[in-house]
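Colleague: Input: one structure, supplied below.
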Amino acid sequence: MLLPRWSLRRARLLLGGKLVLVLGLTVFVAMMWVLERLIGLDGPVALPRVLALAMALVPAALWLGFFYLQDRHEPEPKGFVAGVFVLGAAIAAPLADFAVFQVSPPLPLAQHGLSPFALDRLVFALLVVGLAQELCKYVVVRYTIYSSSEFDEPMDGVVYMMACGTGFAVWANYHRLHGQGHEVFLSIGAASAVVTTLAHASFAGALGYVLGRAKFTRRTPLVRTVLLFFGLLGAAVLNGTFAVVELYVSSSGLAQEPWKGVGFAAGFAMLVFAGLMLASRRLLADSPFRPREPQPGGSR
Amino acid sequence: MSAPEPPEDPPKGPPGAPPAGPDAPVARADRPASPADAPPTAGKDEPDAGDSLGFEEEPAWAALLSYETYEQVAKKVLRAGTVVAREGYQRHDAAVVAIAVALIVGGAVLHRALLRPATTPFTAHGLTMQRTPHWLAPEDVPEVTPRLIRDAGPPPRRGRDELPYHVMFTSSLDPDVRLEIQIDQRPAWSNVLTGLDLERRNRWGELYAAEGGRTRSIAGHDWLRTRFRYAYAPQKGDDPRIGHAVEYATVDRERLYVVTFHGEPDQTDVLEEVIAPTLRVGARTGMPLLPQRNRVTQVRAPAAVRQATEATVMVVVADLVDGRLRAVGGGSGVVVSPDGSVLTNYHVVHDTGGRLHELFVIGRHVGAGQPPQLVCAGRPRRAKLQPEVDLALLKCDLDLDGRAWAPSSGPAWPTIGAARPEEVEPGQRLWVLGYPDVGGGDITLSQGLVEGLTGDQGELGRDFIKTDASITHGNSGGPVVADDGRVVGIATAFRVRVTVDGDTIETAKVGLVRPWSAAGDLVAIARAGWTPRDGMTSPELEPTAIEAPAEGIRISTRVLDYANDRPVPDALLMVLQPGVRASEIDMNRLDDQVMAWGRSTSDGEVHLKQPVPVPGTYTVVVVARGYEPLAGDGALQLPEDAPAFFDPWGAVRLNAKP
């Protein structure tokens, strides 16, 4: 085991941890693409349970490491971050699915609007699915780690919510990759798992940004509540918009163009993520744990 | 509410921290206020983010799997919960969850409202309704070749505006979801329930199963709602699948309207919810569509009478109308032999012009509250007919798909015993069992008293038993039984007399029951055994063209009543061909099966017309009106030295029918 550890450390030293992880994600998708070519798969396949779970878990684990590294100044306890990740996968996501199914069971003969931007699709994507998913992520973080003493700087909101979103994506991706009669292209499935994980984590991260600000604001409780609510609404709008536009991009009439969808989703998720990172810079700059420039005189 | 504000004083940030603005992080009181208070762990001060990954020291997966982690998390959660309860400011945050949940529910309601199938008006031949728009253009539904009449020609072509109007709309979302509209002339038979049941059975085949009908009033008009399922193959060569449908049917003065929703049950539910309330037809009808439910359980009848319901069947007659099989009438019947012979009225199986109907279909009682289940069919032209006493003996020889089928191939059909004619007295209570065609539905029981006897045309005579029990259309052919469940006769007709006396109009109705004794010949045939054959409608029980053996001995004997040794006149004694067993006897094939026969004279003497070869062992059958048929395998054993004129038994004694 010496060699891999050594190699990892070497690679990390050479390239930086985040780059290694991003490379890992790329390699993961490339491997699936190569595997697809190697075994001559020219159509979608029904993935076995284990493979689907692995394909959902691998990008999530890599992304989780990546997000974890964002909190530079006072890294959170790994156990807590992992715990919130598990809560996201085991509580938030199933709860969201259950809630959506309960309030809006599948309607037979539903006259869905043909356009992806039809009012019914928008309402469903934004107000029902988007809001329910983000609410479940929010509830999981807000009523566990948020109140703990480990949540001690605004940036923690981003870290924990992203961990929760990553966990959420494991469930979502697993069900996207393996379900009753589901068949997926191996490469597209892997790419979409990577992208969806980033997307879910980014939306949650956006909410986490607000969550972190809200916890440490000195304004009135009402303002904090309003802040939280609009944070939630914002995340839901991002989530819903993502779903609607991805459908718009990936479908052209009756034909499906999944790569287009993945490409768009990647762009959208990266945009949100970049915005989030930009915003986080301020949080990091304001972090009470930020190492300070040595004061004149050489003492801290 | 004591909403604890965060500490008023800005926290003591680390030395050199930027001045705390309103949104500056506030360290909590229950932990060291800053890293300065709690010395950071080794390496914390290093800005090398790479090191903080620390896979080597504490792998994330190890933390995931460690019990302590969960214990810690659980403790933290518990502590957090306590904090939630303690700290008032968090109550405000609960409002976020509450408002979000309200938004989600509101969004779901709005979504559902947006998805409710839109509708567009539809009008055809007096039917108006709202139908789903955006579906594929309606297609004419081709008429189904009647399964029961294989030799039927193709149905005539019809114009679009002519009746029957029969179209199908198919959903653009799911080709298995369809809306079918059928408008036709009002059926001749008022039993809409069973008539439609027969048509569906004919159309969908043997895997069709209905859940019965109930009426639903829509805008003051009664519709008969029936849910059913069937097997079908969407395209030729496809695997068959189960289809579900809900049918709404009604009649007005001229037309029959049938609107059917096809699809999975949840899909038909949606269609039903959206479309059914909009169904309208021009004229309102007073015709009761309500199936008569549970009449048997409502009437307190003796147990023996209830048992007689098992032997009571519905007889539906059907004809080809424009190449389509339509139920045109019906009556009742009574099972008279365990192998499925049914006695009914002759007038049930022929139309007003005296022409026999194409088909009869037998429906059997399956349970209280349920319409009879159609089980088998046959051709009236193969029945045994006795027009002079208005009786007919039917036996199925087809299943409902038109394949050859014998009712004896299943379990024995329950029969009922007969009362002796002399036991029927005026004032005695009678029960009429049957399926009056008003509304169809369950078997109906009515009771009344024997009022007396009457002749065919109202003169003195013993042709009918008069009763005040309700007998109406559809009761014809059904059994009339006494309290002990034994059959007294066949409900045959009713007479209505209207007298106008000044200002008073008086109506009198009397039911007429054909006494059971009139059915003697037909019952004898049924009991002896027969197979329906084209053209063999005569109840005459005599071989006509026997190929007599060239030589043999002459048999003669006497036929007597077992109870009192009185001679039995007109009994038919038959010696069957070697190898023919009693159970195989077919009264329609006597010429093939009988070797020698004779009829008893008024003093009971029989002389067989044909010689019987010796030596040999033969099956003997004796049939007489009012007596149980006697059949004995190997009952006649003739030694080689038997005399030329021989009485093997001395006398044959018959049991009167119970």
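Identifiers for the structure tokens are assigned positionally: chains receive A, B, ... in sequence, residues are indexed from 1 per chain, and ligands are indexed from 1 in the order shown.
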Within 9 Å of Gly329 in chain B, counting only C-alpha atoms, which residues qualify if same-chain residues fewer than 2 places away don't, as a list in words?
Modeller: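 Contacts, in chain order: Ala188, Trp189, Ser190, Asn191, Gly195, Val315, Val316, Val317, Ala318, Ala327, Gly331, Val348, Val349, Asp351, Asp437 and Gly474 of chain B.
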Colleague: Return as number ranges by chain the full set of residues in range 72-262 of chain A whose backbone-based DSSP assignment is strand (DSSP E or B).
Modeller: A: 184, 251-252, 255-256
Colleague: Those residues with N, CA, C and O atoms, as a compact mmCIF listing (two decimals), in the first residue's frame please?
Modeller:
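File produced: out-v8.txt:
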# COMPACT_ATOMS: atom_id res chain seq x y z
N VAL A 184 -29.50 2.67 -19.72
CA VAL A 184 -28.70 3.87 -19.94
C VAL A 184 -27.47 3.52 -20.77
O VAL A 184 -26.98 2.38 -20.75
N SER A 251 -33.75 17.32 -25.65
CA SER A 251 -34.76 16.73 -26.52
C SER A 251 -35.00 17.67 -27.68
O SER A 251 -35.08 18.88 -27.52
N SER A 252 -35.09 17.06 -28.84
CA SER A 252 -35.36 17.85 -30.03
C SER A 252 -36.52 17.16 -30.71
O SER A 252 -36.35 16.13 -31.35
N ALA A 255 -36.85 13.27 -30.64
CA ALA A 255 -35.53 12.67 -30.53
C ALA A 255 -34.84 13.14 -29.24
O ALA A 255 -35.08 14.25 -28.76
N GLN A 256 -34.02 12.29 -28.71
CA GLN A 256 -33.26 12.63 -27.53
C GLN A 256 -31.79 12.84 -27.92
O GLN A 256 -31.25 12.06 -28.69
Colleague: Figure out the distance between CA of Leu64 in chain A and CA of Glu36 in chain A, please, to one decimal in Å.
Modeller: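 Between these atoms lies a distance of 26.2 Å.
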Colleague: From the list A:Met161, A:Ala118, A:Ile145, A:Ala82, which residue is nearest Ala61 in chain A when using only C-alpha atoms?
Modeller: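 The answer is A:Ala82, which sits nearest to Ala61 in chain A.
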